[in-house]
>>> print(open('protein36.cif').read())   # mmCIF, C-alpha atoms and all ligand atoms
data_coords
loop_
_atom_site.label_atom_id
_atom_site.label_comp_id
_atom_site.auth_asym_id
_atom_site.auth_seq_id
_atom_site.Cartn_x
_atom_site.Cartn_y
_atom_site.Cartn_z
CA MET R 6 -14.23 -5.86 36.74
CA GLN R 7 -16.33 -8.99 37.24
CA PHE R 8 -17.03 -11.73 34.70
CA GLY R 9 -19.51 -14.58 34.76
CA VAL R 10 -19.14 -17.34 32.17
CA ILE R 11 -21.94 -19.82 31.48
CA THR R 12 -20.27 -22.99 30.24
CA LEU R 13 -20.58 -26.78 30.25
CA PHE R 14 -16.77 -26.83 30.79
CA PRO R 15 -16.16 -24.55 33.81
CA GLU R 16 -12.70 -26.02 34.53
CA PHE R 17 -11.57 -25.08 31.01
CA VAL R 18 -12.35 -21.42 31.77
CA THR R 19 -11.14 -21.30 35.39
CA THR R 20 -7.85 -23.02 34.46
CA ALA R 21 -7.14 -20.77 31.47
CA VAL R 22 -7.60 -17.55 33.46
CA GLN R 23 -4.85 -18.53 35.93
CA VAL R 24 -2.10 -17.97 33.35
CA GLY R 25 -0.01 -14.91 32.37
CA VAL R 26 -1.25 -11.31 32.50
CA LEU R 27 -4.82 -12.51 33.10
CA GLY R 28 -3.72 -14.88 35.89
CA ARG R 29 -1.84 -12.04 37.62
CA ALA R 30 -4.88 -9.74 37.40
CA VAL R 31 -7.03 -12.52 38.95
CA ALA R 32 -4.45 -13.16 41.71
CA ARG R 33 -4.34 -9.40 42.50
CA GLU R 34 -8.18 -9.34 42.54
CA GLN R 35 -8.27 -6.67 39.81
CA VAL R 36 -10.78 -8.97 38.09
CA ALA R 37 -12.98 -11.83 39.27
CA ILE R 38 -14.05 -14.59 36.89
CA ARG R 39 -16.71 -17.09 37.89
CA ALA R 40 -17.83 -20.03 35.75
CA VAL R 41 -21.37 -21.40 36.15
CA ASN R 42 -22.44 -24.75 34.68
CA PRO R 43 -26.00 -25.19 33.36
CA ARG R 44 -25.69 -28.87 34.29
CA ASP R 45 -25.83 -27.85 37.97
CA PHE R 46 -29.31 -26.42 37.26
CA ALA R 47 -30.74 -29.40 35.36
CA ASP R 48 -33.66 -30.80 37.35
CA ASP R 49 -33.83 -34.37 35.99
CA VAL R 50 -31.75 -37.31 37.28
CA ARG R 51 -29.73 -37.45 34.03
CA LYS R 52 -28.80 -33.74 34.33
CA THR R 53 -29.95 -33.03 30.79
CA VAL R 54 -28.74 -29.73 29.26
CA ASP R 55 -29.37 -30.40 25.55
CA ASP R 56 -32.13 -31.74 23.33
CA ARG R 57 -32.89 -32.53 19.67
CA PRO R 58 -33.65 -29.59 17.35
CA TYR R 59 -37.29 -28.98 16.39
CA GLY R 60 -37.59 -29.49 12.64
CA GLY R 61 -35.00 -32.25 12.66
CA GLY R 62 -31.41 -32.33 11.54
CA PRO R 63 -28.11 -33.35 13.11
CA GLY R 64 -26.73 -32.25 16.47
CA MET R 65 -28.26 -30.97 19.66
CA VAL R 66 -29.40 -27.60 21.02
CA LEU R 67 -28.68 -26.18 24.49
CA LYS R 68 -31.98 -26.16 26.45
CA VAL R 69 -33.56 -22.96 27.75
CA GLU R 70 -34.42 -23.86 31.36
CA PRO R 71 -31.08 -25.03 32.88
CA THR R 72 -29.13 -22.43 30.84
CA ARG R 73 -31.43 -19.60 31.92
CA SER R 74 -31.18 -20.69 35.57
CA ALA R 75 -27.36 -20.69 35.31
CA LEU R 76 -27.43 -17.25 33.62
CA ARG R 77 -29.65 -15.79 36.30
CA ALA R 78 -27.57 -17.25 39.13
CA ALA R 79 -24.41 -15.76 37.60
CA ARG R 80 -26.14 -12.42 36.89
CA ALA R 81 -27.24 -12.14 40.53
CA ALA R 82 -23.55 -12.06 41.57
CA LEU R 83 -22.61 -9.33 39.05
CA PRO R 84 -22.86 -5.56 39.64
CA ALA R 85 -25.83 -3.55 38.31
CA GLY R 86 -25.12 -2.28 34.79
CA SER R 87 -23.44 -5.51 33.65
CA ARG R 88 -24.15 -6.72 30.10
CA CYS R 89 -24.79 -10.20 28.66
CA VAL R 90 -22.94 -11.35 25.53
CA TYR R 91 -23.36 -14.53 23.48
CA LEU R 92 -20.28 -15.75 21.60
CA GLY R 93 -21.17 -16.95 18.12
CA ALA R 94 -19.89 -16.83 14.55
CA ASP R 95 -23.15 -15.04 13.63
CA GLY R 96 -22.26 -12.05 15.83
CA ALA R 97 -20.72 -8.64 15.20
CA PRO R 98 -16.95 -8.91 14.64
CA LEU R 99 -14.83 -8.25 17.73
CA THR R 100 -12.69 -5.12 17.36
CA GLN R 101 -10.45 -3.11 19.72
CA ALA R 102 -13.21 -0.44 19.78
CA LYS R 103 -15.71 -3.07 21.02
CA VAL R 104 -13.15 -4.25 23.59
CA ALA R 105 -12.81 -0.66 24.88
CA GLU R 106 -16.60 -0.28 25.05
CA LEU R 107 -17.04 -3.49 27.10
CA ALA R 108 -14.04 -2.70 29.33
CA ALA R 109 -15.94 0.34 30.63
CA LEU R 110 -18.67 -1.91 32.11
CA PRO R 111 -18.62 -3.03 35.75
CA GLY R 112 -19.34 -6.64 34.77
CA LEU R 113 -19.90 -8.95 31.84
CA LEU R 114 -21.93 -12.12 31.60
CA LEU R 115 -20.67 -14.38 28.80
CA LEU R 116 -22.69 -17.27 27.41
CA ALA R 117 -20.49 -19.92 25.77
CA GLY R 118 -22.57 -22.23 23.56
CA ARG R 119 -21.84 -25.82 22.57
CA TYR R 120 -23.48 -28.27 20.17
CA GLU R 121 -25.35 -26.65 17.24
CA GLY R 122 -26.23 -23.61 19.34
CA VAL R 123 -28.59 -22.32 22.01
CA ASP R 124 -32.40 -22.18 21.92
CA GLU R 125 -33.20 -18.85 20.22
CA ARG R 126 -35.69 -17.91 22.98
CA LEU R 127 -32.83 -17.73 25.47
CA LEU R 128 -30.84 -15.41 23.21
CA SER R 129 -33.84 -13.13 22.52
CA THR R 130 -34.77 -12.75 26.21
CA GLU R 131 -31.46 -12.83 28.12
CA VAL R 132 -28.69 -11.74 25.75
CA ASP R 133 -27.90 -8.11 24.82
CA GLU R 134 -25.61 -8.83 21.87
CA THR R 135 -23.76 -11.56 19.97
CA ILE R 136 -20.04 -11.18 19.26
CA SER R 137 -17.88 -13.22 16.86
CA ILE R 138 -14.11 -13.52 17.20
CA GLY R 139 -13.71 -14.36 13.50
CA ASP R 140 -15.02 -16.13 10.42
CA TYR R 141 -14.17 -19.73 11.30
CA VAL R 142 -16.03 -22.47 13.15
CA LEU R 143 -15.03 -23.57 16.65
CA SER R 144 -16.55 -26.37 18.71
CA GLY R 145 -17.71 -24.09 21.52
CA GLY R 146 -17.88 -20.54 22.81
CA GLU R 147 -15.35 -21.01 25.64
CA LEU R 148 -12.29 -19.97 23.62
CA PRO R 149 -14.10 -16.90 22.21
CA ALA R 150 -15.19 -15.97 25.78
CA LEU R 151 -11.57 -16.30 26.94
CA VAL R 152 -10.34 -14.22 23.99
CA LEU R 153 -12.81 -11.48 24.92
CA ILE R 154 -11.87 -11.60 28.63
CA ASP R 155 -8.14 -11.46 27.82
CA ALA R 156 -8.55 -8.54 25.40
CA ILE R 157 -10.63 -6.59 27.95
CA VAL R 158 -8.57 -7.30 31.09
CA ARG R 159 -5.25 -6.18 29.56
CA THR R 160 -6.80 -2.74 28.86
CA LEU R 161 -7.94 -2.24 32.49
CA PRO R 162 -6.00 0.38 34.48
CA GLY R 163 -3.15 -1.13 36.53
CA VAL R 164 -3.18 -4.55 34.83
CA LEU R 165 -0.20 -3.97 32.51
CA GLY R 166 2.96 -2.12 33.54
CA ASP R 167 3.67 1.35 32.05
CA GLU R 168 5.98 -0.03 29.35
CA ALA R 169 3.50 -2.57 28.05
CA SER R 170 0.54 -0.20 28.18
CA ALA R 171 2.38 2.31 25.99
CA GLN R 172 3.03 -0.53 23.52
CA GLN R 173 -0.68 -1.30 23.44
CA ASP R 174 -1.24 2.13 21.86
CA SER R 175 0.17 0.59 18.68
CA PHE R 176 -3.12 -1.07 17.69
CA MET R 177 -5.07 1.98 18.84
CA THR R 178 -3.24 4.02 16.18
CA GLY R 179 -4.73 1.78 13.47
CA LEU R 180 -1.30 0.52 12.40
CA LEU R 181 0.41 -2.85 12.75
CA ASP R 182 3.44 -3.09 15.01
CA TRP R 183 7.00 -2.43 13.76
CA PRO R 184 9.67 -5.19 13.77
CA HIS R 185 11.43 -5.95 17.06
CA TYR R 186 15.01 -7.09 17.70
CA THR R 187 17.13 -8.08 20.70
CA ARG R 188 20.69 -9.45 21.14
CA PRO R 189 22.76 -10.74 19.44
CA ASP R 190 23.37 -7.79 17.04
CA VAL R 191 24.18 -10.29 14.25
CA PHE R 192 22.36 -13.67 14.07
CA GLU R 193 23.36 -16.06 11.23
CA ASP R 194 24.42 -13.20 8.90
CA MET R 195 21.28 -11.20 9.74
CA PRO R 196 22.19 -7.89 11.38
CA VAL R 197 19.90 -5.75 13.50
CA PRO R 198 19.00 -2.57 11.52
CA GLU R 199 21.82 -0.06 12.13
CA VAL R 200 19.48 2.76 13.24
CA LEU R 201 18.30 0.75 16.29
CA ILE R 202 21.87 0.44 17.57
CA GLY R 203 22.84 4.09 17.05
CA GLY R 204 20.82 5.57 19.95
CA ASN R 205 19.38 8.46 17.90
CA HIS R 206 15.90 8.40 19.43
CA GLU R 207 14.32 10.67 16.81
CA ALA R 208 15.75 8.51 13.98
CA ILE R 209 14.49 5.38 15.78
CA ARG R 210 10.99 6.87 16.19
CA ARG R 211 10.86 7.71 12.47
CA TRP R 212 12.19 4.25 11.44
CA ARG R 213 9.60 2.47 13.58
CA LEU R 214 6.73 4.62 12.30
CA LYS R 215 7.90 4.00 8.73
CA GLN R 216 8.08 0.21 9.28
CA ALA R 217 4.63 0.20 10.91
CA LEU R 218 3.20 2.15 7.95
CA GLY R 219 4.98 -0.09 5.42
CA ARG R 220 3.86 -3.32 7.07
CA THR R 221 0.29 -2.11 7.30
CA TRP R 222 0.39 -1.10 3.61
CA ILE R 223 1.65 -4.57 2.61
CA ARG R 224 -0.26 -6.81 5.02
CA ARG R 225 -3.45 -4.91 5.90
CA PRO R 226 -4.24 -2.32 3.22
CA ASP R 227 -7.81 -2.25 4.62
CA LEU R 228 -6.50 -0.76 7.89
CA LEU R 229 -4.43 1.84 6.06
CA ALA R 230 -7.38 2.89 3.86
CA ALA R 231 -9.37 3.63 7.04
CA LYS R 232 -6.64 5.84 8.52
CA ALA R 233 -6.05 9.55 7.96
CA LEU R 234 -2.27 10.04 7.59
CA THR R 235 -0.27 13.06 8.77
CA ALA R 236 2.16 14.75 6.35
CA GLU R 237 5.06 12.96 8.10
CA GLU R 238 3.33 9.59 7.83
CA ARG R 239 2.63 10.09 4.12
CA ALA R 240 6.27 11.03 3.53
CA LEU R 241 7.53 7.97 5.45
CA LEU R 242 5.20 5.65 3.53
CA VAL R 243 6.42 7.15 0.23
CA GLU R 244 10.02 6.43 1.39
CA PHE R 245 9.12 2.86 2.39
CA ARG R 246 7.44 2.16 -0.95
CA ALA R 247 10.41 3.56 -2.88
CA GLU R 248 12.76 1.25 -0.95
CA GLN R 249 10.50 -1.76 -1.57
CA VAL R 250 10.63 -1.39 -5.35
CA VAL R 251 14.44 -1.27 -5.31
CA THR R 252 14.93 -4.26 -2.97
CA ASP R 253 12.36 -6.28 -4.93
CA LEU R 254 14.41 -5.98 -8.15
CA PRO R 255 16.77 -8.86 -9.03
CA PRO R 256 20.47 -8.10 -8.30
CA SER R 257 22.37 -6.15 -10.98
CA ARG R 258 24.88 -8.05 -13.19
CA ASP R 259 27.21 -5.06 -13.72
N1 LIG R 301 -16.73 -16.52 17.21
N2 LIG R 301 -18.51 -20.78 18.11
C1 LIG R 301 -20.68 -20.75 19.27
C2 LIG R 301 -22.16 -22.74 19.24
C3 LIG R 301 -23.09 -22.27 18.15
C4 LIG R 301 -23.27 -23.02 16.98
C5 LIG R 301 -24.14 -22.55 16.01
C6 LIG R 301 -24.62 -20.70 17.39
C7 LIG R 301 -24.83 -21.41 16.22
C8 LIG R 301 -17.47 -18.58 17.48
C9 LIG R 301 -16.72 -17.72 16.65
C10 LIG R 301 -17.74 -20.01 17.23
C11 LIG R 301 -18.63 -22.21 17.88
C12 LIG R 301 -19.22 -20.32 19.28
C13 LIG R 301 -20.08 -22.68 17.93
N3 LIG R 301 -23.79 -21.13 18.34
N4 LIG R 301 -17.87 -17.85 18.52
N5 LIG R 301 -20.77 -22.21 19.14
N6 LIG R 301 -16.14 -18.01 15.49
O1 LIG R 301 -17.27 -20.52 16.25
O2 LIG R 301 -17.43 -16.60 18.37
#
>>> encode(input="protein36.cif", output="structure tokens")
Amino acid sequence: MQFGVITLFPEFVTTAVQVGVLGRAVAREQVAIRAVNPRDFADDVRKTVDDRPYGGGPGMVLKVEPTRSALRAARAALPAGSRCVYLGADGAPLTQAKVAELAALPGLLLLAGRYEGVDERLLSTEVDETISIGDYVLSGGELPALVLIDAIVRTLPGVLGDEASAQQDSFMTGLLDWPHYTRPDVFEDMPVPEVLIGGNHEAIRRWRLKQALGRTWIRRPDLLAAKALTAEERALLVEFRAEQVVTDLPPSRD
């Protein structure tokens, strides 16, 4: 898959994508990520990319002409059927379903804004959709673009090993992950749950499913409400809730 990123900080993007799973996918040429700077398309001697907002107010707005030239130069290098996304807090929330949808494309052109935003005429003519990575304010769209690239690339076939790609199913099920443990079997009086040491794979599967259901019930009831549970899952959640009530009680005095 090929990505183009329009950014005033190309080194930020090209450096970040050299690390970890993403960096390995780039090194193996499973993905290509190219950053294009609107400043390289500014035609005046000062290399102007921003200007004051019509109507007044604080801050600056990214200009149409150099940004559109950068977009078009990047688009020319992407395969036919690629899509253009603007990253902004006013976009549709990013979900794993949206990640899966975009991962099926041959290429993605990402516009990372700075300042108070981008001239609306650029968004209305060149951008297919706006995506938000969450309800908080950042100082630019580069981190959201990197979040989107990372989330997409790790779903591409051959990028993660078999073990890790099975793990990724966890979010696809609509449940949070279960707790994980490694050696030592006792750390500062805290033992690893007995069932994980026993080697009874069916008991371990049930324990993990129960913990995932319980955690989702406690931490993200909204996710659980959206999920249709099997009879086994309902029974495990009933068990988890029964155990919670008991452990939440103060210790007995007799
Ligand atoms: N999820 N930002 C966009 C520039 C901007 C400012 C105002 C439009 C209007 C963000 C987020 C995010 C910071 C990207 C401001 N664009 N992007 N940028 N949250 O906060 O995606």
>>> closest_atom_pairs(input="protein36.cif", of="chain R", to="ligand LIG 301 (chain R)", cutoff="6 Å", atoms="only C-alpha atoms and all ligand atoms", output="JSON lines")
{"residue": "R:Leu92", "atom": "CA", "partner": "R:LIG301", "partner_atom": "O2", "distance": 4.4}
{"residue": "R:Gly93", "atom": "CA", "partner": "R:LIG301", "partner_atom": "N4", "distance": 3.4}
{"residue": "R:Ala94", "atom": "CA", "partner": "R:LIG301", "partner_atom": "C9", "distance": 3.9}
{"residue": "R:Gly118", "atom": "CA", "partner": "R:LIG301", "partner_atom": "C2", "distance": 4.4}
{"residue": "R:Arg119", "atom": "CA", "partner": "R:LIG301", "partner_atom": "C2", "distance": 4.5}
{"residue": "R:Tyr120", "atom": "CA", "partner": "R:LIG301", "partner_atom": "C2", "distance": 5.8}
{"residue": "R:Glu121", "atom": "CA", "partner": "R:LIG301", "partner_atom": "C4", "distance": 4.2}
{"residue": "R:Gly122", "atom": "CA", "partner": "R:LIG301", "partner_atom": "C3", "distance": 3.6}
{"residue": "R:Ser137", "atom": "CA", "partner": "R:LIG301", "partner_atom": "N1", "distance": 3.5}
{"residue": "R:Ile138", "atom": "CA", "partner": "R:LIG301", "partner_atom": "N1", "distance": 4.0}
{"residue": "R:Gly139", "atom": "CA", "partner": "R:LIG301", "partner_atom": "N6", "distance": 4.8}
{"residue": "R:Asp140", "atom": "CA", "partner": "R:LIG301", "partner_atom": "N6", "distance": 5.5}
{"residue": "R:Tyr141", "atom": "CA", "partner": "R:LIG301", "partner_atom": "N6", "distance": 4.9}
{"residue": "R:Val142", "atom": "CA", "partner": "R:LIG301", "partner_atom": "O1", "distance": 3.9}
{"residue": "R:Leu143", "atom": "CA", "partner": "R:LIG301", "partner_atom": "O1", "distance": 3.8}
{"residue": "R:Ser144", "atom": "CA", "partner": "R:LIG301", "partner_atom": "C11", "distance": 4.7}
{"residue": "R:Gly145", "atom": "CA", "partner": "R:LIG301", "partner_atom": "C11", "distance": 4.2}
{"residue": "R:Gly146", "atom": "CA", "partner": "R:LIG301", "partner_atom": "C12", "distance": 3.8}
{"residue": "R:Pro149", "atom": "CA", "partner": "R:LIG301", "partner_atom": "O2", "distance": 5.1}
>>> closest_residue(input="protein36.cif", among="R:Asp124, R:Glu147, R:Glu134, R:Glu248", to="R:Pro58", atoms="only C-alpha atoms")
R:Asp124
>>> atom_distance(input="protein36.cif", atom1="atom CA of R:Pro226", atom2="atom CA of R:Val158")
28.6 Å
>>> residues_around(input="protein36.cif", residues="R:Ala150", least_positions_apart="3", cutoff="12 Å", atoms="all atoms listed in the file", output="tab-separated table (two decimals) with C-alpha atoms, keeping the file's coordinate frame")
chain	number	residue	atom	x	y	z
R	8	PHE	CA	-17.03	-11.73	34.70
R	9	GLY	CA	-19.51	-14.58	34.76
R	10	VAL	CA	-19.14	-17.34	32.17
R	11	ILE	CA	-21.94	-19.82	31.48
R	12	THR	CA	-20.27	-22.99	30.24
R	15	PRO	CA	-16.16	-24.55	33.81
R	17	PHE	CA	-11.57	-25.08	31.01
R	18	VAL	CA	-12.35	-21.42	31.77
R	19	THR	CA	-11.14	-21.30	35.39
R	21	ALA	CA	-7.14	-20.77	31.47
R	22	VAL	CA	-7.60	-17.55	33.46
R	38	ILE	CA	-14.05	-14.59	36.89
R	40	ALA	CA	-17.83	-20.03	35.75
R	89	CYS	CA	-24.79	-10.20	28.66
R	90	VAL	CA	-22.94	-11.35	25.53
R	91	TYR	CA	-23.36	-14.53	23.48
R	92	LEU	CA	-20.28	-15.75	21.60
R	93	GLY	CA	-21.17	-16.95	18.12
R	99	LEU	CA	-14.83	-8.25	17.73
R	113	LEU	CA	-19.90	-8.95	31.84
R	114	LEU	CA	-21.93	-12.12	31.60
R	115	LEU	CA	-20.67	-14.38	28.80
R	116	LEU	CA	-22.69	-17.27	27.41
R	117	ALA	CA	-20.49	-19.92	25.77
R	118	GLY	CA	-22.57	-22.23	23.56
R	135	THR	CA	-23.76	-11.56	19.97
R	136	ILE	CA	-20.04	-11.18	19.26
R	137	SER	CA	-17.88	-13.22	16.86
R	138	ILE	CA	-14.11	-13.52	17.20
R	143	LEU	CA	-15.03	-23.57	16.65
R	145	GLY	CA	-17.71	-24.09	21.52
R	146	GLY	CA	-17.88	-20.54	22.81
R	147	GLU	CA	-15.35	-21.01	25.64
R	153	LEU	CA	-12.81	-11.48	24.92
R	154	ILE	CA	-11.87	-11.60	28.63
R	155	ASP	CA	-8.14	-11.46	27.82
R	156	ALA	CA	-8.55	-8.54	25.40
R	157	ILE	CA	-10.63	-6.59	27.95
>>> closest_residue(input="protein36.cif", among="R:Glu34, R:Thr100, R:Trp183, R:Val243", to="R:Ile209", atoms="all atoms listed in the file")
R:Trp183
>>> closest_residue(input="protein36.cif", among="R:Glu207, R:Leu161, R:Arg39, R:Val66", to="R:Glu16", atoms="only C-alpha atoms")
R:Arg39
>>> residues_around(input="protein36.cif", residues="R:Leu201", least_positions_apart="4", cutoff="10 Å", atoms="all atoms listed in the file", output="VMD selection string")
chain R and resid 185 to 187 190 197 205 to 206 208 to 210 212 to 213
>>> write_last_selection(input="protein36.cif", atoms="C-alpha atoms", output="PDB file, keeping the file's coordinate frame")
ATOM      1  CA  HIS R 185      11.430  -5.950  17.060  1.00  0.00           C
ATOM      2  CA  TYR R 186      15.010  -7.090  17.700  1.00  0.00           C
ATOM      3  CA  THR R 187      17.130  -8.080  20.700  1.00  0.00           C
ATOM      4  CA  ASP R 190      23.370  -7.790  17.040  1.00  0.00           C
ATOM      5  CA  VAL R 197      19.900  -5.750  13.500  1.00  0.00           C
ATOM      6  CA  ASN R 205      19.380   8.460  17.900  1.00  0.00           C
ATOM      7  CA  HIS R 206      15.900   8.400  19.430  1.00  0.00           C
ATOM      8  CA  ALA R 208      15.750   8.510  13.980  1.00  0.00           C
ATOM      9  CA  ILE R 209      14.490   5.380  15.780  1.00  0.00           C
ATOM     10  CA  ARG R 210      10.990   6.870  16.190  1.00  0.00           C
ATOM     11  CA  TRP R 212      12.190   4.250  11.440  1.00  0.00           C
ATOM     12  CA  ARG R 213       9.600   2.470  13.580  1.00  0.00           C
TER      13      ARG R 213
END
>>> atom_distance(input="protein36.cif", atom1="atom CA of R:Ala169", atom2="atom CA of R:Glu244")
28.9 Å
>>> closest_residue(input="protein36.cif", among="R:Ala37, R:Val31, R:Leu107, R:Leu234", to="R:Gly86", atoms="all atoms listed in the file")
R:Leu107
>>> atom_distance(input="protein36.cif", atom1="atom CA of R:Val104", atom2="atom CA of R:Arg126")
26.4 Å
>>> residues_around(input="protein36.cif", residues="R:Asp45", least_positions_apart="4", cutoff="8 Å", atoms="all atoms listed in the file", output="number ranges by chain")
R: 52, 71, 75
>>> closest_residue(input="protein36.cif", among="R:Asp95, R:Glu125, R:Glu131, R:Asp49", to="R:Arg80", atoms="all atoms listed in the file")
R:Glu131
>>> axis_aligned_box(input="protein36.cif", around="stretch 141-157 of chain R", padding_each_side="8 Å", output="JSON")
{"center_x": -13.0, "center_y": -16.5, "center_z": 20.0, "size_x": 25.7, "size_y": 35.8, "size_z": 33.3}
>>> residues_around(input="protein36.cif", residues="R:Ala233", least_positions_apart="4", cutoff="12 Å", atoms="only C-alpha atoms", output="VMD selection string")
chain R and resid 178 to 180 218 228 to 229 237 to 239
>>> decode(input="protein36.cif", residues="stretch 205-213 of chain R", atoms="all heavy atoms", output="short mmCIF file (atom, residue, chain, number, x, y, z; two decimals), in the first residue's frame")
data_model
loop_
_atom_site.label_atom_id
_atom_site.label_comp_id
_atom_site.auth_asym_id
_atom_site.auth_seq_id
_atom_site.Cartn_x
_atom_site.Cartn_y
_atom_site.Cartn_z
N ASN R 205 -4.29 -26.25 31.26
CA ASN R 205 -5.60 -26.69 30.75
C ASN R 205 -6.11 -25.64 29.75
O ASN R 205 -6.65 -24.60 30.13
CB ASN R 205 -6.57 -26.88 31.93
CG ASN R 205 -7.97 -27.34 31.48
OD1 ASN R 205 -8.35 -27.18 30.32
ND2 ASN R 205 -8.71 -27.90 32.41
N HIS R 206 -5.91 -25.93 28.47
CA HIS R 206 -6.14 -24.91 27.44
C HIS R 206 -7.59 -24.46 27.35
O HIS R 206 -7.86 -23.29 27.09
CB HIS R 206 -5.60 -25.40 26.10
CG HIS R 206 -4.11 -25.64 26.15
ND1 HIS R 206 -3.21 -24.61 26.39
CD2 HIS R 206 -3.37 -26.77 26.07
CE1 HIS R 206 -1.99 -25.11 26.43
NE2 HIS R 206 -2.05 -26.43 26.24
N GLU R 207 -8.51 -25.39 27.59
CA GLU R 207 -9.94 -25.03 27.57
C GLU R 207 -10.27 -24.12 28.76
O GLU R 207 -11.01 -23.14 28.60
CB GLU R 207 -10.80 -26.31 27.57
CG GLU R 207 -12.30 -26.10 27.66
CD GLU R 207 -12.89 -25.18 26.57
OE1 GLU R 207 -12.21 -24.92 25.55
OE2 GLU R 207 -14.02 -24.70 26.79
N ALA R 208 -9.71 -24.43 29.92
CA ALA R 208 -9.93 -23.58 31.12
C ALA R 208 -9.32 -22.19 30.91
O ALA R 208 -9.90 -21.18 31.32
CB ALA R 208 -9.34 -24.25 32.36
N ILE R 209 -8.15 -22.16 30.26
CA ILE R 209 -7.48 -20.88 29.98
C ILE R 209 -8.31 -20.05 29.00
O ILE R 209 -8.51 -18.84 29.19
CB ILE R 209 -6.05 -21.11 29.44
CG1 ILE R 209 -5.16 -21.67 30.55
CG2 ILE R 209 -5.46 -19.82 28.86
CD1 ILE R 209 -3.80 -22.17 30.08
N ARG R 210 -8.83 -20.69 27.95
CA ARG R 210 -9.67 -19.98 26.97
C ARG R 210 -10.89 -19.36 27.66
O ARG R 210 -11.20 -18.19 27.43
CB ARG R 210 -10.14 -20.95 25.88
CG ARG R 210 -10.96 -20.30 24.76
CD ARG R 210 -11.71 -21.30 23.89
NE ARG R 210 -12.76 -22.02 24.64
CZ ARG R 210 -13.97 -21.54 24.93
NH1 ARG R 210 -14.30 -20.32 24.52
NH2 ARG R 210 -14.85 -22.25 25.61
N ARG R 211 -11.54 -20.15 28.53
CA ARG R 211 -12.72 -19.65 29.24
C ARG R 211 -12.36 -18.50 30.19
O ARG R 211 -13.07 -17.50 30.26
CB ARG R 211 -13.41 -20.78 30.01
CG ARG R 211 -14.54 -21.42 29.24
CD ARG R 211 -15.36 -22.41 30.06
NE ARG R 211 -14.73 -23.73 30.14
CZ ARG R 211 -14.14 -24.23 31.21
NH1 ARG R 211 -14.12 -23.53 32.34
NH2 ARG R 211 -13.59 -25.42 31.18
N TRP R 212 -11.23 -18.64 30.92
CA TRP R 212 -10.79 -17.58 31.85
C TRP R 212 -10.52 -16.28 31.09
O TRP R 212 -10.94 -15.20 31.51
CB TRP R 212 -9.53 -18.04 32.60
CG TRP R 212 -9.06 -17.03 33.61
CD1 TRP R 212 -9.45 -16.91 34.92
CD2 TRP R 212 -8.09 -15.98 33.40
NE1 TRP R 212 -8.81 -15.87 35.52
CE2 TRP R 212 -7.97 -15.27 34.62
CE3 TRP R 212 -7.33 -15.57 32.30
CZ2 TRP R 212 -7.10 -14.18 34.77
CZ3 TRP R 212 -6.47 -14.48 32.45
CH2 TRP R 212 -6.37 -13.80 33.67
N ARG R 213 -9.84 -16.39 29.99
CA ARG R 213 -9.51 -15.18 29.20
C ARG R 213 -10.76 -14.50 28.65
O ARG R 213 -10.89 -13.27 28.72
CB ARG R 213 -8.54 -15.54 28.06
CG ARG R 213 -7.14 -15.78 28.56
CD ARG R 213 -6.20 -16.20 27.45
NE ARG R 213 -4.82 -16.16 27.90
CZ ARG R 213 -3.80 -16.69 27.23
NH1 ARG R 213 -4.02 -17.33 26.09
NH2 ARG R 213 -2.58 -16.59 27.72
#
